[in-house]
$ cat upload-v2.cif   # mmCIF, C-alpha atoms and all ligand atoms
data_query
#
loop_
_atom_site.label_atom_id
_atom_site.label_comp_id
_atom_site.auth_asym_id
_atom_site.auth_seq_id
_atom_site.Cartn_x
_atom_site.Cartn_y
_atom_site.Cartn_z
CA MET A 1 -13.77 -20.92 -22.32
CA LEU A 2 -10.33 -22.40 -22.66
CA ALA A 3 -7.13 -20.53 -21.82
CA LYS A 4 -4.02 -22.04 -23.33
CA THR A 5 -0.73 -21.98 -21.48
CA LEU A 6 2.71 -23.60 -21.36
CA ALA A 7 3.28 -27.07 -19.89
CA GLY A 8 3.91 -26.71 -16.17
CA LEU A 9 2.02 -23.43 -15.72
CA GLU A 10 -1.53 -24.86 -15.62
CA GLU A 11 -1.96 -24.60 -11.84
CA ILE A 12 -0.67 -21.03 -11.74
CA LEU A 13 -3.09 -20.08 -14.51
CA MET A 14 -5.93 -21.71 -12.56
CA GLU A 15 -5.11 -19.41 -9.62
CA GLU A 16 -5.00 -16.37 -11.89
CA LEU A 17 -8.38 -17.27 -13.39
CA GLN A 18 -9.87 -17.72 -9.93
CA GLN A 19 -8.63 -14.25 -8.97
CA ILE A 20 -10.49 -12.63 -11.88
CA GLY A 21 -13.72 -14.39 -10.94
CA ALA A 22 -13.82 -17.31 -13.40
CA THR A 23 -15.86 -20.33 -12.25
CA ASN A 24 -15.82 -24.11 -12.88
CA ILE A 25 -12.06 -23.97 -13.38
CA VAL A 26 -10.72 -27.28 -14.66
CA GLN A 27 -7.11 -28.17 -15.48
CA ALA A 28 -6.42 -29.56 -18.94
CA LYS A 29 -3.27 -30.36 -20.89
CA ARG A 30 -1.40 -27.07 -21.46
CA ALA A 31 -4.73 -25.33 -20.91
CA VAL A 32 -7.38 -24.47 -18.35
CA ALA A 33 -11.12 -24.66 -18.99
CA PHE A 34 -13.43 -22.25 -17.17
CA ASP A 35 -16.79 -20.51 -17.25
CA GLY A 36 -17.47 -16.80 -17.37
CA ASP A 37 -19.16 -13.97 -19.19
CA LEU A 38 -17.72 -11.28 -21.49
CA GLU A 39 -16.15 -9.53 -18.50
CA ILE A 40 -14.22 -12.69 -17.59
CA LEU A 41 -13.22 -13.14 -21.23
CA TYR A 42 -11.79 -9.60 -21.41
CA LYS A 43 -10.11 -9.91 -18.01
CA SER A 44 -8.52 -13.26 -18.86
CA ASN A 45 -6.96 -11.65 -21.94
CA TYR A 46 -5.90 -8.48 -20.17
CA LEU A 47 -4.89 -9.62 -16.71
CA CYS A 48 -3.74 -13.27 -16.75
CA ARG A 49 0.05 -13.30 -16.99
CA THR A 50 0.29 -17.00 -17.82
CA ALA A 51 -2.38 -17.28 -20.55
CA LEU A 52 -1.19 -17.63 -24.14
CA ARG A 53 -4.61 -17.23 -25.74
CA VAL A 54 -8.25 -17.55 -24.75
CA LEU A 55 -10.68 -19.55 -26.87
CA ILE A 56 -14.47 -19.87 -26.81
CA PRO A 57 -15.33 -23.40 -27.96
CA ILE A 58 -18.60 -23.23 -29.90
CA LYS A 59 -19.04 -26.84 -30.97
CA THR A 60 -17.41 -30.28 -30.73
CA VAL A 61 -18.22 -32.73 -33.53
CA ARG A 62 -17.08 -36.09 -34.91
CA VAL A 63 -15.22 -35.91 -38.22
CA ARG A 64 -13.58 -38.81 -40.05
CA ASP A 65 -12.57 -37.13 -43.30
CA GLN A 66 -12.43 -33.78 -45.08
CA ALA A 67 -16.00 -34.11 -46.44
CA GLU A 68 -17.40 -34.63 -42.94
CA LEU A 69 -15.37 -31.70 -41.69
CA TYR A 70 -16.86 -29.48 -44.43
CA ASN A 71 -20.40 -30.66 -43.60
CA GLN A 72 -20.03 -30.12 -39.87
CA ILE A 73 -18.61 -26.62 -40.29
CA SER A 74 -21.47 -25.81 -42.70
CA LYS A 75 -24.02 -26.74 -40.03
CA ILE A 76 -22.89 -23.86 -37.79
CA ASP A 77 -24.71 -20.60 -38.45
CA TRP A 78 -21.68 -18.34 -38.96
CA SER A 79 -23.85 -15.23 -39.26
CA GLU A 80 -24.10 -15.45 -35.44
CA TYR A 81 -20.43 -14.51 -35.26
CA MET A 82 -19.59 -12.44 -38.34
CA GLN A 83 -20.94 -10.62 -41.37
CA ALA A 84 -20.29 -11.37 -45.03
CA THR A 85 -18.18 -8.22 -45.35
CA ASP A 86 -15.88 -9.29 -42.46
CA THR A 87 -12.51 -10.99 -42.83
CA LEU A 88 -11.56 -14.42 -41.59
CA ALA A 89 -8.54 -16.50 -40.51
CA ILE A 90 -8.40 -20.16 -39.50
CA ASP A 91 -5.75 -21.73 -37.23
CA SER A 92 -5.74 -25.53 -37.14
CA VAL A 93 -4.02 -28.16 -35.09
CA ALA A 94 -4.78 -31.70 -36.25
CA ASN A 95 -3.63 -34.88 -34.62
CA ALA A 96 -5.35 -37.54 -36.71
CA SER A 97 -4.24 -39.71 -39.61
CA ALA A 98 -7.08 -38.45 -41.84
CA PHE A 99 -5.96 -34.86 -41.28
CA SER A 100 -2.18 -34.99 -41.56
CA ASN A 101 -1.92 -31.52 -43.12
CA SER A 102 -3.34 -28.78 -40.91
CA MET A 103 -3.17 -26.30 -43.80
CA PHE A 104 -5.70 -28.42 -45.73
CA VAL A 105 -7.89 -28.48 -42.63
CA SER A 106 -7.82 -24.68 -42.46
CA MET A 107 -8.66 -24.42 -46.17
CA LYS A 108 -11.58 -26.83 -45.86
CA VAL A 109 -13.00 -24.91 -42.89
CA LYS A 110 -12.54 -21.60 -44.70
CA ASP A 111 -14.34 -22.99 -47.78
CA ALA A 112 -17.28 -24.17 -45.67
CA ILE A 113 -17.71 -20.78 -43.96
CA VAL A 114 -17.22 -18.73 -47.11
CA ASP A 115 -19.60 -20.96 -49.13
CA GLN A 116 -22.29 -20.55 -46.48
CA PHE A 117 -22.25 -16.76 -46.91
CA ARG A 118 -22.03 -16.96 -50.71
CA ASN A 119 -24.98 -19.35 -50.90
CA LYS A 120 -27.05 -16.95 -48.80
CA GLY A 121 -26.41 -13.66 -50.50
CA GLY A 122 -23.52 -13.65 -52.92
CA VAL A 123 -21.10 -11.63 -50.77
CA ARG A 124 -18.38 -13.74 -49.18
CA PRO A 125 -15.93 -12.97 -46.37
CA SER A 126 -12.30 -12.75 -47.47
CA VAL A 127 -9.24 -14.12 -45.72
CA ASP A 128 -6.92 -11.90 -43.68
CA ILE A 129 -4.27 -13.92 -41.90
CA GLU A 130 -2.80 -10.99 -39.97
CA ASN A 131 -5.74 -8.99 -38.71
CA PRO A 132 -9.05 -10.74 -39.33
CA SER A 133 -12.45 -9.77 -37.94
CA LEU A 134 -12.88 -13.39 -36.80
CA ARG A 135 -10.15 -15.90 -35.98
CA VAL A 136 -11.42 -19.48 -35.81
CA ASN A 137 -9.45 -22.19 -34.04
CA ILE A 138 -9.81 -25.83 -35.08
CA HIS A 139 -8.48 -28.63 -32.90
CA ILE A 140 -8.76 -32.20 -34.17
CA PHE A 141 -7.74 -35.13 -31.99
CA ARG A 142 -8.49 -38.54 -33.52
CA ASP A 143 -12.05 -38.03 -34.81
CA GLU A 144 -13.04 -35.30 -32.38
CA CYS A 145 -13.02 -31.77 -33.73
CA THR A 146 -13.47 -28.71 -31.53
CA ILE A 147 -14.36 -25.45 -33.24
CA SER A 148 -13.54 -22.33 -31.21
CA LEU A 149 -13.45 -18.58 -31.59
CA ASP A 150 -10.01 -17.19 -30.76
CA SER A 151 -10.53 -14.08 -28.66
CA SER A 152 -6.86 -13.09 -28.41
CA GLY A 153 -5.34 -13.02 -31.91
CA SER A 154 -1.57 -13.06 -31.69
CA SER A 155 -0.24 -14.98 -28.69
CA LEU A 156 -0.61 -13.09 -25.41
CA HIS A 157 3.12 -13.50 -24.70
CA LYS A 158 3.49 -10.67 -27.21
CA ARG A 159 3.03 -8.03 -24.55
CA GLY A 160 3.99 -5.12 -26.78
CA TYR A 161 6.95 -3.79 -24.76
CA ARG A 162 9.80 -5.94 -26.10
CA LEU A 163 11.88 -4.09 -28.69
CA GLU A 164 14.90 -6.37 -28.90
CA SER A 165 16.04 -9.73 -27.59
CA ASN A 166 19.33 -11.49 -27.10
CA LYS A 167 20.01 -14.99 -28.41
CA ALA A 168 17.78 -16.98 -26.08
CA PRO A 169 15.09 -14.80 -24.52
CA LEU A 170 12.46 -16.39 -22.32
CA ASN A 171 8.90 -16.28 -23.56
CA GLU A 172 7.17 -13.56 -21.47
CA VAL A 173 4.45 -16.00 -20.34
CA LEU A 174 7.12 -18.43 -19.17
CA ALA A 175 9.00 -15.65 -17.36
CA ALA A 176 5.81 -14.54 -15.59
CA GLY A 177 5.03 -18.16 -14.72
CA LEU A 178 8.49 -18.67 -13.20
CA ILE A 179 8.01 -15.56 -11.05
CA LEU A 180 4.56 -16.65 -9.86
CA LEU A 181 5.83 -20.19 -9.17
CA SER A 182 8.66 -18.77 -7.07
CA GLY A 183 6.11 -17.30 -4.65
CA TRP A 184 7.90 -13.92 -4.67
CA ASP A 185 5.96 -11.54 -2.40
CA LYS A 186 6.46 -8.38 -4.58
CA LYS A 187 8.07 -6.64 -1.58
CA SER A 188 11.38 -8.38 -0.92
CA ASN A 189 14.35 -8.08 -3.33
CA PHE A 190 14.16 -9.59 -6.80
CA VAL A 191 17.39 -10.41 -8.62
CA ASP A 192 18.12 -11.77 -12.09
CA PRO A 193 21.91 -11.95 -12.35
CA MET A 194 21.92 -13.32 -15.94
CA CYS A 195 19.24 -11.04 -17.31
CA GLY A 196 19.86 -11.37 -21.09
CA SER A 197 17.20 -9.15 -22.62
CA GLY A 198 15.53 -8.49 -19.26
CA THR A 199 12.34 -10.52 -19.60
CA LEU A 200 12.26 -11.67 -15.96
CA LEU A 201 13.00 -8.13 -14.75
CA ALA A 202 10.25 -6.55 -16.85
CA GLU A 203 7.71 -9.21 -15.89
CA ALA A 204 8.66 -9.00 -12.19
CA CYS A 205 8.37 -5.22 -12.12
CA MET A 206 5.03 -5.21 -13.96
CA TYR A 207 3.71 -7.91 -11.63
CA ALA A 208 4.84 -6.04 -8.49
CA LYS A 209 3.26 -2.78 -9.67
CA ASN A 210 0.05 -4.49 -10.88
CA ILE A 211 0.73 -3.30 -14.44
CA PRO A 212 -1.50 -5.58 -16.55
CA PRO A 213 0.53 -7.94 -18.75
CA ALA A 214 -1.36 -6.71 -21.83
CA PHE A 215 -1.09 -3.02 -20.88
CA PHE A 216 0.90 -2.25 -24.03
CA ARG A 217 -1.00 -4.49 -26.44
CA ARG A 218 -2.86 -2.68 -29.16
CA GLU A 219 -4.82 -5.56 -30.60
CA PHE A 220 -7.17 -8.34 -29.47
CA SER A 221 -9.37 -10.37 -31.80
CA PHE A 222 -12.45 -9.66 -29.72
CA TYR A 223 -12.22 -5.95 -30.66
CA HIS A 224 -13.61 -6.96 -34.07
CA TRP A 225 -16.35 -9.32 -32.98
CA GLN A 226 -19.92 -8.93 -34.19
CA GLY A 227 -23.08 -10.82 -33.31
CA GLN A 228 -23.42 -13.01 -30.22
CA TYR A 229 -20.16 -11.89 -28.59
CA ALA A 230 -20.05 -8.39 -30.13
CA PHE A 231 -17.36 -6.15 -28.65
CA ASP A 232 -18.67 -4.22 -25.64
CA ARG A 233 -16.57 -1.04 -25.67
CA ASP A 234 -18.01 0.30 -22.38
CA LEU A 235 -17.29 -2.91 -20.51
CA TRP A 236 -13.76 -3.04 -21.94
CA ASP A 237 -13.07 0.60 -21.00
CA LYS A 238 -14.31 -0.09 -17.47
CA ILE A 239 -11.96 -3.07 -17.08
CA VAL A 240 -8.97 -1.13 -18.44
CA THR A 241 -9.67 1.90 -16.23
CA GLU A 242 -10.10 -0.25 -13.12
CA ALA A 243 -6.82 -2.03 -13.84
CA GLU A 244 -4.99 1.25 -14.43
CA ASN A 245 -6.28 2.63 -11.14
CA ASN A 246 -4.92 -0.48 -9.47
CA ILE A 247 -1.29 0.21 -10.50
CA ILE A 248 0.87 0.90 -7.44
CA PRO A 249 4.39 2.21 -6.81
CA LEU A 250 7.14 -0.38 -6.61
CA GLU A 251 8.04 -1.48 -3.07
CA ALA A 252 10.71 -4.03 -3.93
CA VAL A 253 14.31 -3.56 -5.00
CA ILE A 254 14.70 -5.17 -8.44
CA VAL A 255 18.23 -5.74 -9.71
CA GLY A 256 19.39 -7.22 -12.98
CA SER A 257 22.86 -7.87 -14.31
CA ASP A 258 24.63 -9.74 -17.07
CA ASN A 259 28.29 -10.15 -17.93
CA ALA A 260 27.60 -9.16 -21.56
CA LYS A 261 27.39 -5.40 -22.15
CA SER A 262 25.20 -5.97 -25.20
CA SER A 263 22.60 -7.77 -23.04
CA VAL A 264 22.60 -4.94 -20.52
CA PHE A 265 21.88 -2.43 -23.33
CA ILE A 266 19.01 -4.55 -24.61
CA THR A 267 17.58 -4.95 -21.10
CA LYS A 268 17.68 -1.20 -20.55
CA ASP A 269 15.93 -0.55 -23.86
CA ASN A 270 13.20 -3.07 -23.12
CA LEU A 271 12.61 -1.70 -19.62
CA LYS A 272 12.44 1.80 -21.05
CA SER A 273 9.87 0.66 -23.57
CA ALA A 274 7.80 -0.78 -20.69
CA GLY A 275 8.05 2.57 -18.86
CA ILE A 276 9.91 1.02 -15.90
CA ARG A 277 13.55 1.77 -16.71
CA GLU A 278 13.96 3.97 -13.61
CA GLU A 279 12.57 1.31 -11.29
CA VAL A 280 15.07 -1.44 -12.03
CA VAL A 281 18.80 -1.35 -11.27
CA VAL A 282 20.74 -2.81 -14.21
CA LYS A 283 24.50 -3.44 -14.24
CA THR A 284 27.15 -5.11 -16.32
CA CYS A 285 28.64 -7.67 -13.97
CA ALA A 286 29.58 -11.35 -13.86
CA PHE A 287 27.39 -13.22 -11.40
CA GLN A 288 30.48 -14.47 -9.61
CA ASP A 289 31.46 -10.82 -8.88
CA SER A 290 27.96 -9.67 -7.94
CA GLU A 291 26.80 -8.61 -4.49
CA ALA A 292 23.31 -9.48 -3.34
CA PRO A 293 21.14 -6.48 -2.41
CA GLU A 294 20.92 -6.25 1.35
CA GLY A 295 18.08 -8.21 2.94
CA LYS A 296 16.09 -11.16 1.72
CA GLY A 297 14.53 -11.95 -1.57
CA VAL A 298 14.31 -14.14 -4.63
CA VAL A 299 16.93 -14.81 -7.29
CA ILE A 300 15.70 -16.28 -10.56
CA MET A 301 18.31 -17.17 -13.11
CA ASN A 302 18.23 -18.62 -16.59
CA PRO A 303 21.89 -19.46 -17.27
CA PRO A 304 23.06 -20.60 -20.70
CA TYR A 305 22.10 -24.25 -21.14
CA GLY A 306 25.44 -24.84 -22.81
CA GLU A 307 24.49 -25.82 -26.37
CA ARG A 308 27.16 -23.49 -27.73
CA MET A 309 29.70 -24.11 -24.94
CA ASP A 310 32.46 -26.55 -24.19
CA LYS A 311 31.17 -29.24 -21.74
CA ASP A 312 33.83 -28.50 -19.10
CA ASN A 313 33.04 -24.79 -19.21
CA VAL A 314 29.33 -25.44 -18.65
CA VAL A 315 30.02 -27.64 -15.63
CA GLU A 316 32.43 -25.01 -14.32
CA LEU A 317 29.85 -22.22 -14.84
CA TYR A 318 27.12 -24.08 -12.92
CA LYS A 319 29.57 -25.02 -10.17
CA SER A 320 30.52 -21.37 -9.75
CA ILE A 321 26.80 -20.45 -9.65
CA GLY A 322 26.41 -22.81 -6.68
CA ASP A 323 29.51 -21.35 -4.98
CA THR A 324 28.34 -17.77 -5.48
CA LEU A 325 24.83 -18.47 -4.20
CA LYS A 326 26.24 -20.18 -1.14
CA THR A 327 28.72 -17.45 -0.23
CA LYS A 328 26.90 -14.29 -1.31
CA TYR A 329 23.15 -14.90 -1.40
CA GLN A 330 22.36 -16.07 2.10
CA GLY A 331 18.77 -15.33 3.06
CA TYR A 332 17.63 -15.66 -0.56
CA ASP A 333 15.49 -18.25 -2.32
CA ALA A 334 17.34 -19.00 -5.54
CA TRP A 335 15.64 -20.56 -8.56
CA ILE A 336 17.48 -21.88 -11.61
CA ILE A 337 15.84 -22.94 -14.87
CA SER A 338 17.92 -25.09 -17.17
CA SER A 339 17.51 -27.93 -19.64
CA ASN A 340 21.03 -29.18 -18.90
CA ARG A 341 20.53 -31.74 -16.15
CA GLU A 342 24.18 -32.66 -15.88
CA ALA A 343 25.20 -29.02 -15.51
CA VAL A 344 22.46 -28.38 -12.95
CA GLY A 345 23.82 -31.31 -10.94
CA SER A 346 27.14 -29.52 -10.64
CA VAL A 347 25.50 -26.55 -8.86
CA GLY A 348 26.16 -28.79 -5.88
CA LEU A 349 23.37 -27.49 -3.63
CA LYS A 350 20.38 -29.43 -2.41
CA ALA A 351 17.21 -28.35 -4.19
CA SER A 352 14.14 -28.02 -1.96
CA LYS A 353 11.77 -28.03 -4.95
CA ARG A 354 12.10 -29.49 -8.45
CA LEU A 355 9.59 -28.61 -11.13
CA VAL A 356 9.47 -29.67 -14.77
CA ILE A 357 8.80 -26.80 -17.17
CA PHE A 358 9.12 -26.59 -20.95
CA ASN A 359 11.06 -23.73 -22.49
CA GLY A 360 9.81 -24.10 -26.06
CA PRO A 361 10.64 -27.69 -27.00
CA LEU A 362 13.29 -28.00 -24.25
CA GLU A 363 12.32 -29.94 -21.15
CA CYS A 364 13.77 -27.97 -18.24
CA ARG A 365 14.19 -28.39 -14.54
CA TYR A 366 13.15 -25.39 -12.43
CA LEU A 367 14.91 -25.84 -9.10
CA LYS A 368 14.63 -24.00 -5.83
CA TYR A 369 17.59 -23.61 -3.48
CA GLU A 370 16.97 -22.08 -0.07
CA MET A 371 20.11 -20.20 0.87
CA TYR A 372 20.27 -19.96 4.62
CA SER A 373 23.54 -19.45 6.45
CA GLY A 374 25.13 -22.85 6.68
CA SER A 375 23.50 -24.10 3.42
CA LYS A 376 25.09 -27.43 2.69
CA ARG A 377 27.00 -28.24 -0.44
CA VAL A 378 26.21 -31.68 -1.72
CA ARG A 379 28.31 -33.85 -3.96
CA PRO A 380 27.81 -32.95 -7.64
CA GLU A 381 25.17 -35.29 -9.00
CA VAL A 382 23.12 -35.69 -12.14
CA GLU A 383 19.61 -34.29 -11.53
CA GLU A 384 16.85 -36.86 -11.78
C1 LIG B 401 19.80 -17.73 -21.62
S1 LIG B 401 20.38 -16.11 -21.48
C2 LIG B 401 19.20 -15.33 -20.44
C3 LIG B 401 18.00 -14.89 -21.21
C4 LIG B 401 17.04 -14.03 -20.41
N1 LIG B 401 16.37 -14.78 -19.37
C5 LIG B 401 16.03 -13.37 -21.34
O1 LIG B 401 14.82 -13.60 -21.19
O2 LIG B 401 16.44 -12.66 -22.26
C6 LIG B 401 21.74 -16.28 -20.42
C7 LIG B 401 22.46 -14.98 -20.13
O3 LIG B 401 23.45 -15.25 -19.14
C8 LIG B 401 24.55 -14.39 -19.37
N2 LIG B 401 25.72 -14.96 -18.67
C9 LIG B 401 26.43 -16.08 -18.97
N3 LIG B 401 27.39 -16.28 -18.04
C10 LIG B 401 27.28 -15.27 -17.14
C11 LIG B 401 27.97 -14.94 -15.95
N4 LIG B 401 28.97 -15.68 -15.50
N5 LIG B 401 27.58 -13.84 -15.26
C12 LIG B 401 26.54 -13.08 -15.71
N6 LIG B 401 25.86 -13.35 -16.84
C13 LIG B 401 26.20 -14.43 -17.54
C14 LIG B 401 24.66 -14.35 -20.88
O4 LIG B 401 25.35 -13.18 -21.31
C15 LIG B 401 23.18 -14.37 -21.30
O5 LIG B 401 22.71 -13.06 -21.52
#

$ encode --input "upload-v2.cif" --output "structure tokens"
Amino acid sequence: MLAKTLAGLEEILMEELQQIGATNIVQAKRAVAFDGDLEILYKSNYLCRTALRVLIPIKTVRVRDQAELYNQISKIDWSEYMQATDTLAIDSVANASAFSNSMFVSMKVKDAIVDQFRNKGGVRPSVDIENPSLRVNIHIFRDECTISLDSSGSSLHKRGYRLESNKAPLNEVLAAGLILLSGWDKKSNFVDPMCGSGTLLAEACMYAKNIPPAFFRREFSFYHWQGQYAFDRDLWDKIVTEAENNIIPLEAVIVGSDNAKSSVFITKDNLKSAGIREEVVVKTCAFQDSEAPEGKGVVIMNPPYGERMDKDNVVELYKSIGDTLKTKYQGYDAWIISSNREAVGSVGLKASKRLVIFNGPLECRYLKYEMYSGSKRVRPEVEE
């Protein structure tokens, strides 16, 4: 199988897959390959916080043009995976000069599958982009084409609890990845002082309580599967029940704040929708005026990157973040994610870890600052 993820989260996903019992785990580009049975497939969809979707590759073939693509798809016996009365959707990514338009690729693949059924018995599957019985994934790189079954359907970052978002919400998979990368122990304090729509807070709370990331999802592609990988309802129910029994009360103090009232409202609504509103303290407050919860813990913040701000104001904001961390957050590990390297330099603290993570198309730095009493300020510098 192949679990897709975001650039920079591959190693975390490998650990998650190991925890659910996957074997032969191999890192790939924005993905992790692994072995497992149906139980591992269901668990990877339900329990892995950093997986975007899980594919089952069924064949890799050489294709140099559309005709070869059609022929190769026709050679697969599609009745192993679906019936003529089922519906179908094709997602394609093509990185080859002969296949510059991925929509044409999808159409060609659809034609080959549909024609196979029609030639056999007259009835042909129809296309349903939104909610098909079988979602096929096509990946073409140069002349190598991998044909996979998509077990997830819509991307797994769509957890099902988010009602609203502010202007720049983090993808839920990215938020979960940032939390796992921070090494937070689920017991010490967790603070997001620029919480926006509350993604980090919701993901942190769900993680600490062992609430499965897909707890609120109503739909997976594998629900509709027939044939070789037909949906095993009993196995699925067993996995869901086991995971539910594993949910524990929250031990940590989780605090979120934002200086925009509108963000605080949205955060509260989203937490309510996830059933964890009572477990997270949420306040309207500028970070500079905030007080750290007593004790130790982790701060993760996703400040504005400054696209819509005056340059001096951005530098000033990041400088004040550094000042506030230094004076008020001693004993904490603070993590900042930002695509604005110049602004991050003006935090003026020495990072003990620097990771590169992509937030959508934006290349970001994810930096760790260990705030012990006597943390040194360093001269503002542009981050490498
Ligand atoms: C990029 S958004 C955070 C998005 C959030 N991680 C999410 O997933 O929705 C940045 C947030 O920082 C808040 N903010 C900006 N300056 C602030 C300050 N000085 N104190 C507190 N919040 C601030 C903004 O109101 C905005 O909601």

$ residues_near_ligand --input "upload-v2.cif" --ligand "ligand LIG 401 (chain B)" --cutoff "10 Å" --atoms "all atoms listed in the file" --output "ChimeraX atom specification"
/A:164-172,174-175,192-203,256-264,266-267,283-290,300-306,314,317-318,320-321,337-338

$ residues_around --input "upload-v2.cif" --residues "Ala208 (chain A)" --least-positions-apart "6" --cutoff "10 Å" --atoms "all atoms listed in the file" --output "ChimeraX atom specification"
/A:184-187,202,247-252,254

$ write_last_selection --input "upload-v2.cif" --atoms "C-alpha atoms" --output "short mmCIF file (atom, residue, chain, number, x, y, z; two decimals), in the coordinates of the input"
data_model
loop_
_atom_site.label_atom_id
_atom_site.label_comp_id
_atom_site.auth_asym_id
_atom_site.auth_seq_id
_atom_site.Cartn_x
_atom_site.Cartn_y
_atom_site.Cartn_z
CA TRP A 184 7.90 -13.92 -4.67
CA ASP A 185 5.96 -11.54 -2.40
CA LYS A 186 6.46 -8.38 -4.58
CA LYS A 187 8.07 -6.64 -1.58
CA ALA A 202 10.25 -6.55 -16.85
CA ILE A 247 -1.29 0.21 -10.50
CA ILE A 248 0.87 0.90 -7.44
CA PRO A 249 4.39 2.21 -6.81
CA LEU A 250 7.14 -0.38 -6.61
CA GLU A 251 8.04 -1.48 -3.07
CA ALA A 252 10.71 -4.03 -3.93
CA ILE A 254 14.70 -5.17 -8.44
#

$ axis_aligned_box --input "upload-v2.cif" --around "region 304-308 of chain A" --padding-each-side "3 Å" --output "lines of an AutoDock Vina configuration file"
center_x = 24.6
center_y = -23.2
center_z = -24.2
size_x = 11.1
size_y = 11.2
size_z = 13.0

$ atom_distance --input "upload-v2.cif" --atom1 "CA of Asn71 (chain A)" --atom2 "CA of Phe99 (chain A)"
15.2 Å

$ residues_around --input "upload-v2.cif" --residues "Asp37 (chain A)" --least-positions-apart "4" --cutoff "12 Å" --atoms "all atoms listed in the file" --output "list of chain:residue names"
A:Met1, A:Ile20, A:Gly21, A:Ala22, A:Thr23, A:Leu41, A:Tyr42, A:Lys43, A:Ser44, A:Ile56, A:Gln228, A:Tyr229, A:Asp232, A:Leu235

$ closest_residue --input "upload-v2.cif" --among "A:Glu144, A:Asp77, A:Glu15, A:Asp333" --to "Val114 (chain A)" --atoms "only C-alpha atoms"
A:Asp77

$ closest_residue --input "upload-v2.cif" --among "A:Gly331, A:Gly322, A:Pro293, A:Gly360" --to "Ser346 (chain A)" --atoms "all atoms listed in the file"
A:Gly322

$ closest_residue --input "upload-v2.cif" --among "A:Ala84, A:Leu163, A:Ala214, A:Ala204" --to "Asn119 (chain A)" --atoms "all atoms listed in the file"
A:Ala84

$ atom_distance --input "upload-v2.cif" --atom1 "CA of Leu69 (chain A)" --atom2 "CA of Ala112 (chain A)"
8.7 Å

$ closest_residue --input "upload-v2.cif" --among "A:Ala96, A:Ser133, A:Ser74, A:Ala7" --to "Asp111 (chain A)" --atoms "all atoms listed in the file"
A:Ser74

$ atom_distance --input "upload-v2.cif" --atom1 "CA of Gly345 (chain A)" --atom2 "CA of Cys364 (chain A)"
12.9 Å

$ closest_residue --input "upload-v2.cif" --among "A:Gln72, A:Ser102, A:Thr60, A:Thr241" --to "Ile147 (chain A)" --atoms "all atoms listed in the file"
A:Thr60

$ residues_around --input "upload-v2.cif" --residues "Tyr70 (chain A)" --least-positions-apart "3" --cutoff "7 Å" --atoms "only C-alpha atoms" --output "list in words"
Gln66, Ala67, Ile73, Ser74, Lys108, Val109 and Ala112 of chain A

$ write_last_selection --input "upload-v2.cif" --atoms "C-alpha atoms" --output "PDB file, in the coordinates of the input"
ATOM      1  CA  GLN A  66     -12.430 -33.780 -45.080  1.00  0.00           C
ATOM      2  CA  ALA A  67     -16.000 -34.110 -46.440  1.00  0.00           C
ATOM      3  CA  ILE A  73     -18.610 -26.620 -40.290  1.00  0.00           C
ATOM      4  CA  SER A  74     -21.470 -25.810 -42.700  1.00  0.00           C
ATOM      5  CA  LYS A 108     -11.580 -26.830 -45.860  1.00  0.00           C
ATOM      6  CA  VAL A 109     -13.000 -24.910 -42.890  1.00  0.00           C
ATOM      7  CA  ALA A 112     -17.280 -24.170 -45.670  1.00  0.00           C
TER       8      ALA A 112
END

$ residues_near_point --input "upload-v2.cif" --point "(19.6, -8.1, 1.7)" --cutoff "12 Å" --atoms "all atoms listed in the file" --output "count of residues only"
23
